[in-house]
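Worksheet for the structure shown next.
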Number of protein chains: 4
Amino acid sequence: MNPADKPEDAATARLLVTCPDQPGIISAVSTFLYNHGANITDLDQHSSDHQDGTFFLRLEFQTPGLDCSHEALENNFRNRVANRYGMQWHISYAADKKRMAVLVSRHDHVIMDLLWRVSRGDLPAVIPMVISNHDDLRGEVERFGIPYHHIPVTRDNKEEAEAQALELLEGQVDVIVLARYMQILSPTFVARHPHRIINIHHSFLPAFVGANPYQQAHDRGVKLIGATSHYVTEDLDQGPIIEQNVQRVSHRHSAAELRGLGQDVERQVMLRAVRWHLEDRVIVDGNKTVVFVK
Amino acid sequence: MNPADKPEDAATARLLVTCPDQPGIISAVSTFLYNHGANITDLDQHSSDHQDGTFFLRLEFQTPGLDCSHEALENNFRNRVANRYGMQWHISYAADKKRMAVLVSRHDHVIMDLLWRVSRGDLPAVIPMVISNHDDLRGEVERFGIPYHHIPVTRDNKEEAEAQALELLEGQVDVIVLARYMQILSPTFVARHPHRIINIHHSFLPAFVGANPYQQAHDRGVKLIGATSHYVTEDLDQGPIIEQNVQRVSHRHSAAELRGLGQDVERQVMLRAVRWHLEDRVIVDGNKTVVFVK
Amino acid sequence: MNPADKPEDAATARLLVTCPDQPGIISAVSTFLYNHGANITDLDQHSSDHQDGTFFLRLEFQTPGLDCSHEALENNFRNRVANRYGMQWHISYAADKKRMAVLVSRHDHVIMDLLWRVSRGDLPAVIPMVISNHDDLRGEVERFGIPYHHIPVTRDNKEEAEAQALELLEGQVDVIVLARYMQILSPTFVARHPHRIINIHHSFLPAFVGANPYQQAHDRGVKLIGATSHYVTEDLDQGPIIEQNVQRVSHRHSAAELRGLGQDVERQVMLRAVRWHLEDRVIVDGNKTVVFVK
Amino acid sequence: MNPADKPEDAATARLLVTCPDQPGIISAVSTFLYNHGANITDLDQHSSDHQDGTFFLRLEFQTPGLDCSHEALENNFRNRVANRYGMQWHISYAADKKRMAVLVSRHDHVIMDLLWRVSRGDLPAVIPMVISNHDDLRGEVERFGIPYHHIPVTRDNKEEAEAQALELLEGQVDVIVLARYMQILSPTFVARHPHRIINIHHSFLPAFVGANPYQQAHDRGVKLIGATSHYVTEDLDQGPIIEQNVQRVSHRHSAAELRGLGQDVERQVMLRAVRWHLEDRVIVDGNKTVVFVK
């Protein structure tokens with residue numbers, strides 16, 4: 001069952017707020033919404049520091065009793081609340097599923113899980129396109145009725161290939177998932193989609209940064225392997241971490257087996273990161289994240 | 001380091017609220033506090049159902065800017081907010097550590113961890129007394145400077161023994177922890193401390209209720225064993241669950257080894273349940289709990 | 001990559017042994033194999049009790065240096081070792097992938113993971129058929145090139161339907177997986193495939209046996225939900241447990257959400273149980289299992 | 001209950017073997033023991049590679065039926081088996097508990113757990129001495145009847161202080177545990193106790209090597225913190241890893257709280273590493289370990 005297909009979800013809105021902390025914010029926001037007939041059904045907040053900290057808020061409210069249009073609500077919120085407190089803010093509506101592009105190379109273990117879960121309504125998203133630098137997964141993807149764009153990347157055409165991808169994505173997507181996309185995105189590309197590109201790194205960052213982490217882990221004889229999902233920034237593997245998890249391993253596992261076990265962790269970690277992003281549970285705080293988990 | 005010894009904690013208050021859900025509660029509570037100069041630094045809430053559900057709230061606020069005494073604040077809250085919404089509510093102050101009595105029989109693995117953590121300031125409590133139906137642990141307990149009361153319980157003096165314990169406890173404690181206390185408390189005893197007695201049950205409720213659960217678990221060939229911490233009600237082992245955890249086991253473990261592994265889980269689960277209770281993170285909802293975990 | 005496709009696996013054989021424990025068994029078995037040119041590459045054993053216990057052995061050996069045929073090796077083992085120690089035993093060869101039938105009703109979350117993993121070589125099996133009492137999943141299954149048999153089951157034709165399924169399965173399969181098959185198998189059916197039918201039970205055995213376990217778990221306010229995979233015996237849900245796992249939940253999860261989280265645990269637990277069975281890692285010991293995990 | 005106090009343990013011996021892999025080793029060892037009346041009750045083995053790999057063996061056997069003295073058994077094993085296969089090997093007897101020295105600075109969370117478990121028989125060891133560069137924990141340690149040696153370490157006396165410690169330890173201990181000992185041991189010191197010094201690192205190595213890992217983890221916004229126990233070698237924090245574990249954290253935790261949570265993980269990880277070492281379950285393989293876990 002698709003959560004976004006549940007009757008109550010048709011009417012659910014979510015407000016995300018980041019602003020300098022000061023007394024009175026919750027009172028101001030909740031009173032504003034109450035006065036407009038919005039019923040708050042979930043509220044989570046965080047302050048990075050009680051003194052001179054940053055305040056983060058996620059709030060779910062129901063819209064059926066609203067006394068005005070979405071547009072009017074947002075305008076009023078801007079004028080009467082947001083500007084006063086210097087807020088960065090955003091309201092989204094569960095009925096408007098996020099558009100999620102998937103970039104992939106040849107590994108299918110992450111993308112297949114995402115496509116399958118979106119198709120059965122387990123992830124609240126639509127997938128307008130898959131872009132790949134290989135043609136291998138075309139059949140698998142098109143079977144779900146999703147357009148598949150093959151944009152080969154070579155040493156020479158990298159800039160041009162990125163431009164082609166950016167053009168396809170322009171205005172069409174709310175979030176981009178790198179489901180084991182083995183090309184490094186240029187700063188130009190990343191700057192066009194700030195905090196909207198989610199990557200899965202096959203390692204428990206910051207350990208084993210870089211290539212071949214499973215071999216590195218095997219050589220070091222670690223007892224746990226992990227995976228890290230993070231937003232992509234200009235610094236490779238250094239963006240804000242959304243989710244991590246680990247799997248116990250032993251001396252009996254070869255580097256190849258670590259990879260196999262690691263892929264299941266990657267898939268699981270990516271799924272949680274994507275789900276939280278789609279449900280507006282993640283707010284970026286500098287190079288960290290605030291994640292309001294259910 | 002004792003969290004309650006941190007400077008900021010001297011000024012931290014916590015409000016717990018349970019009431020029928022309706023729009024406007026958060027606005028009313030947060031505006032009330034703001035108007036009295038209280039700075040909200042943490043807020044967590046839950047609604048059991050958006051329609052005709054029950055609303056639960058935990059709120060931390062800082063008291064240095066209060067424009068009135070604690071007593072006046074509480075009176076005003078009762079008159080202006082709580083009564084209007086039909087609230088059950090309570091305000092506690094981190095500076096007033098809860099008084100925690102410990103009842104124990106002979107197993108020391110749970111009580112020693114609690115005593116040790118309280119003594120080093122890791123658990124925000126004071127322990128005014130330990131009561132036991134055996135004298136075995138007197139030395140261990142008194143070493144911490146805590147009075148030890150030995151009240152033997154036999155088949156014949158059970159009622160009398162409980163009366164003696166109740167008299168010792170009367171007005172002296174905020175919470176009672178059964179750290180492997182092997183006597184069943186009478187309904188009379190329980191009724192005097194509703195939702196204030198915390199028990200740890202070895203094994204995984206509701207599986208293997210009753211005697212010798214590790215032998216039962218061994219005979220059944222389970223792959224996980226667990227422990228459950230719950231508030232004590234009249235129904236043995238059936239009170240509201242606060243916390244549970246499990247430990248992986250295999251065919252290699254004897255029933256005795258399951259018990260050893262289980263004791264570590266019991267200790268860990270009990271610690272979390274007690275900590276959450278001491279930090280006012282648990283609200284009882286019928287036969288369930290709402291636990292606002294950090 | 002399919003582990004059974006690895007060059008070394010073409011030559012891997014596995015010996016499983018159960019017998020009354022007595023000194024000298026390992027010496028006898030290992031010397032026998034050594035003398036025949038078999039190279040032991042893995043050995044795991046267990047004794048239920050040092051006195052009058054049962055001895056369990058799993059042994060992997062490489063066959064390239066064998067001085068005789070598989071058939072001769074097995075005959076010699078029977079005559080020279082197995083009979084002397086009263087062994088139940090079995091030798092299987094990694095190159096001969098097990099034939100695994102899947103029985104399913106309408107839930108696709110378990111079966112799809114199995115089909116997908118077999119198809120990409122992550123599980124060493126072939127699937128000769130899927131049998132279902134509904135026609136819903138035909139398309140999904142046939143896409144993998146696997147025959148799909150729809151055998152409707154009603155109150156009146158149960159016996160007949162089972163007979164039809166048994167006939168299809170007769171001699172065609174090594175293991176039967178109930179991937180959320182919502183019909184209770186008769187003792188007759190079970191007796192034909194002893195310790196070869198694997199079921200996944202939602203929720204945590206022996207808690208919440210029976211219908212609607214997630215609602216039961218929700219009503220009880222548990223903090224963990226789980227899944228159990230076990231061999232099917234005549235006693236419903238009471239067969240030898242192969243694997244169990246749990247997932248942390250909270251008061252925020254509805255019964256429907258518990259089901260969603262539970263399905264991921266079911267899938268994960270089933271996968272491990274099936275994998276271990278296919279790799280000859282599970283030996284049944286009365287109503288328990290010995291699982292020689294990597 | 002002390003496992004080593006169990007009647008059967010009085011008679012348990014353990015053989016550890018490392019040697020170049022070749023066919024016939026298990027047959028040779030098990031037949032040797034069988035012929036001497038030793039009853040093998042547990043056997044675990046590992047080969048780093050089927051071709052030109054290293055073979056590792058851990059074997060438990062019962063000694064009551066031995067046809068010769070321990071000394072004769074060991075001599076015969078050396079002459080008839082070990083030399084033939086080029087084995088590094090060692091036989092230990094559960095009745096001879098290992099002597100474990102503890103080095104500590106001021107943090108008591110790890111050492112107290114060790115002392116408490118040894119005193120109640122949960123860890124099979126005797127503790128002949130505690131050495132500290134501070135005097136803070138003297139009372140806590142002496143209460144267990146264990147000699148406490150205060151050897152202050154300054155910038156100037158480091159060499160001398162180490163010499164003093166080495167003299168105390170010389171011939172008195174089988175293993176040295178650094179229970180949060182905040183001094184870096186010199187190569188000279190380490191060389192005197194190769195693979196016999198166990199350290200707990202307050203981090204999930206190889207992430208956050210070095211000082212103040214909890215602050216590093218907080219700054220990086222990780223979602224898991226961990227601890228690593230390893231043998232000490234000349235390379236700081238780079239020795240063979242014995243055990244690791246992690247704890248989930250969130251944006252709500254301050255660096256100080258990460259430290260508090262981390263200390264519980266440190267304690268747990270150290271306990272497992274020490275237990276496995278005491279039970280002869282760990283074999284060092286270059287810069288990795290083979291751990292034969294129960």
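Residues in the structure tokens are numbered from 1 in each chain, the chains being A, B, ... in the order shown, and ligands are numbered from 1 in the order shown.
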I need the residues in stretch 90-146 of chain B that are strand (DSSP E or B) according to DSSP; give them as a JSON list (two decimals) with C-alpha atoms, in the first residue's frame.
```json
[["chain", "number", "residue", "atom", "x", "y", "z"],
["B", 90, "HIS", "CA", 3.02, 16.98, 35.36],
["B", 91, "ILE", "CA", 5.99, 19.34, 35.49],
["B", 92, "SER", "CA", 9.27, 18.10, 36.91],
["B", 93, "TYR", "CA", 12.61, 19.84, 37.35],
["B", 98, "LYS", "CA", 14.07, 11.33, 41.39],
["B", 99, "ARG", "CA", 14.28, 9.09, 44.45],
["B", 100, "MET", "CA", 14.60, 5.50, 43.31],
["B", 101, "ALA", "CA", 14.20, 2.52, 45.62],
["B", 102, "VAL", "CA", 15.60, -0.80, 44.47],
["B", 103, "LEU", "CA", 14.08, -4.16, 45.42],
["B", 104, "VAL", "CA", 16.32, -7.14, 44.85],
["B", 125, "ALA", "CA", 18.69, 9.68, 40.63],
["B", 126, "VAL", "CA", 19.26, 9.29, 44.32],
["B", 130, "VAL", "CA", 17.49, -0.97, 48.91],
["B", 131, "ILE", "CA", 15.05, -3.60, 50.14],
["B", 132, "SER", "CA", 15.75, -7.30, 49.82]]
```
For this session: Please identify all polymer residues within 7 Å of A:Thr289, counting only C-alpha atoms, omitting same-chain residues fewer than 6 positions from it, and present them as a PyMOL selection string.
Result: (chain A and resi 240-242+282-283) or (chain D and resi 221)
For this session: Find the residues of chain A in contact range of chain C, meaning any atom within 10 Å when counting only C-alpha atoms, and list them as a PyMOL selection string.
Result: chain A and resi 1+3+108-109+112-113+116-117+120+122+249-253+256-257+260+264+268+294
Exercise. With distances taken over only C-alpha atoms, which of B:His230, B:Lys223, B:Arg155, B:His50 is nearest to C:Gln244?
Worked result: B:Lys223
For this session: One decimal, Å: what's the distance from atom CA of D:Gln216 over to atom CA of D:Ala255, could you say?
Result: 8.6 Å
Exercise. Within 8 Å of C:Thr31, counting only C-alpha atoms, which residues qualify if same-chain residues fewer than 2 places away don't, as a PyMOL selection string?
Worked result: (chain C and resi 27-29+33-35) or (chain D and resi 24+27-28+31)
Problem set entry | Contact residues around C:Asp52 with only C-alpha atoms at 12 Å, ignoring same-chain residues under 4 positions, as a list in words |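 Neighbouring residues, sequence-local ones excluded: Cys19, Pro20, Asp21, Gln22, Pro23, Ser47 and Ser48 of chain C.
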Writing out the chosen residues with N, CA, C and O atoms as a JSON list (two decimals), in the first residue's frame:
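Result went into again-v7.json, see below:
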```json
[["chain", "number", "residue", "atom", "x", "y", "z"],
["C", 19, "CYS", "N", 25.11, -38.50, 14.23],
["C", 19, "CYS", "CA", 25.25, -39.85, 14.83],
["C", 19, "CYS", "C", 25.44, -39.73, 16.33],
["C", 19, "CYS", "O", 25.73, -38.65, 16.84],
["C", 20, "PRO", "N", 25.29, -40.83, 17.05],
["C", 20, "PRO", "CA", 25.60, -40.79, 18.48],
["C", 20, "PRO", "C", 27.05, -40.39, 18.67],
["C", 20, "PRO", "O", 27.93, -40.88, 17.93],
["C", 21, "ASP", "N", 27.30, -39.52, 19.65],
["C", 21, "ASP", "CA", 28.66, -39.04, 19.85],
["C", 21, "ASP", "C", 29.53, -40.13, 20.47],
["C", 21, "ASP", "O", 29.07, -40.90, 21.30],
["C", 22, "GLN", "N", 30.74, -40.23, 20.01],
["C", 22, "GLN", "CA", 31.73, -41.11, 20.65],
["C", 22, "GLN", "C", 33.11, -40.66, 20.17],
["C", 22, "GLN", "O", 33.24, -40.01, 19.14],
["C", 23, "PRO", "N", 34.16, -40.99, 20.91],
["C", 23, "PRO", "CA", 35.49, -40.56, 20.48],
["C", 23, "PRO", "C", 35.88, -41.17, 19.14],
["C", 23, "PRO", "O", 35.46, -42.29, 18.81],
["C", 47, "SER", "N", 28.46, -31.09, 19.31],
["C", 47, "SER", "CA", 27.98, -32.22, 20.10],
["C", 47, "SER", "C", 26.97, -31.69, 21.08],
["C", 47, "SER", "O", 27.22, -30.71, 21.79],
["C", 48, "SER", "N", 25.78, -32.31, 21.10],
["C", 48, "SER", "CA", 24.72, -31.80, 21.97],
["C", 48, "SER", "C", 25.07, -32.01, 23.43],
["C", 48, "SER", "O", 24.55, -31.32, 24.31]]
```
Residues near B:Asp136, anyone? I mean within 12 Å using only C-alpha atoms, not counting same-chain ones fewer than 6 positions away, as an mmCIF file with C-alpha atoms, in the first residue's frame.
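New file result_1.cif:
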```
data_model
loop_
_atom_site.group_PDB
_atom_site.id
_atom_site.type_symbol
_atom_site.label_atom_id
_atom_site.label_comp_id
_atom_site.auth_asym_id
_atom_site.auth_seq_id
_atom_site.Cartn_x
_atom_site.Cartn_y
_atom_site.Cartn_z
ATOM 1 C CA VAL B 104 16.320 -7.142 44.851
ATOM 2 C CA SER B 105 16.658 -10.780 45.812
ATOM 3 C CA ARG B 106 20.025 -12.432 45.191
ATOM 4 C CA HIS B 107 20.997 -11.732 41.581
ATOM 5 C CA ASP B 108 23.401 -8.822 41.578
ATOM 6 C CA GLU B 142 26.163 -0.461 51.941
ATOM 7 C CA TYR B 148 19.907 -1.864 53.100
ATOM 8 C CA HIS B 149 16.713 -3.279 54.531
ATOM 9 C CA HIS B 150 16.451 -7.031 54.850
ATOM 10 C CA ILE B 151 12.805 -8.081 54.956
ATOM 11 C CA PRO B 152 12.582 -11.884 54.726
#
```
For this session: Could you check how far atom CA of C:Ser186 sits from atom CA of C:Asp174, in Å to one decimal?
Result: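 Result for atom CA of C:Ser186 versus atom CA of C:Asp174: 19.0 Å, one decimal.
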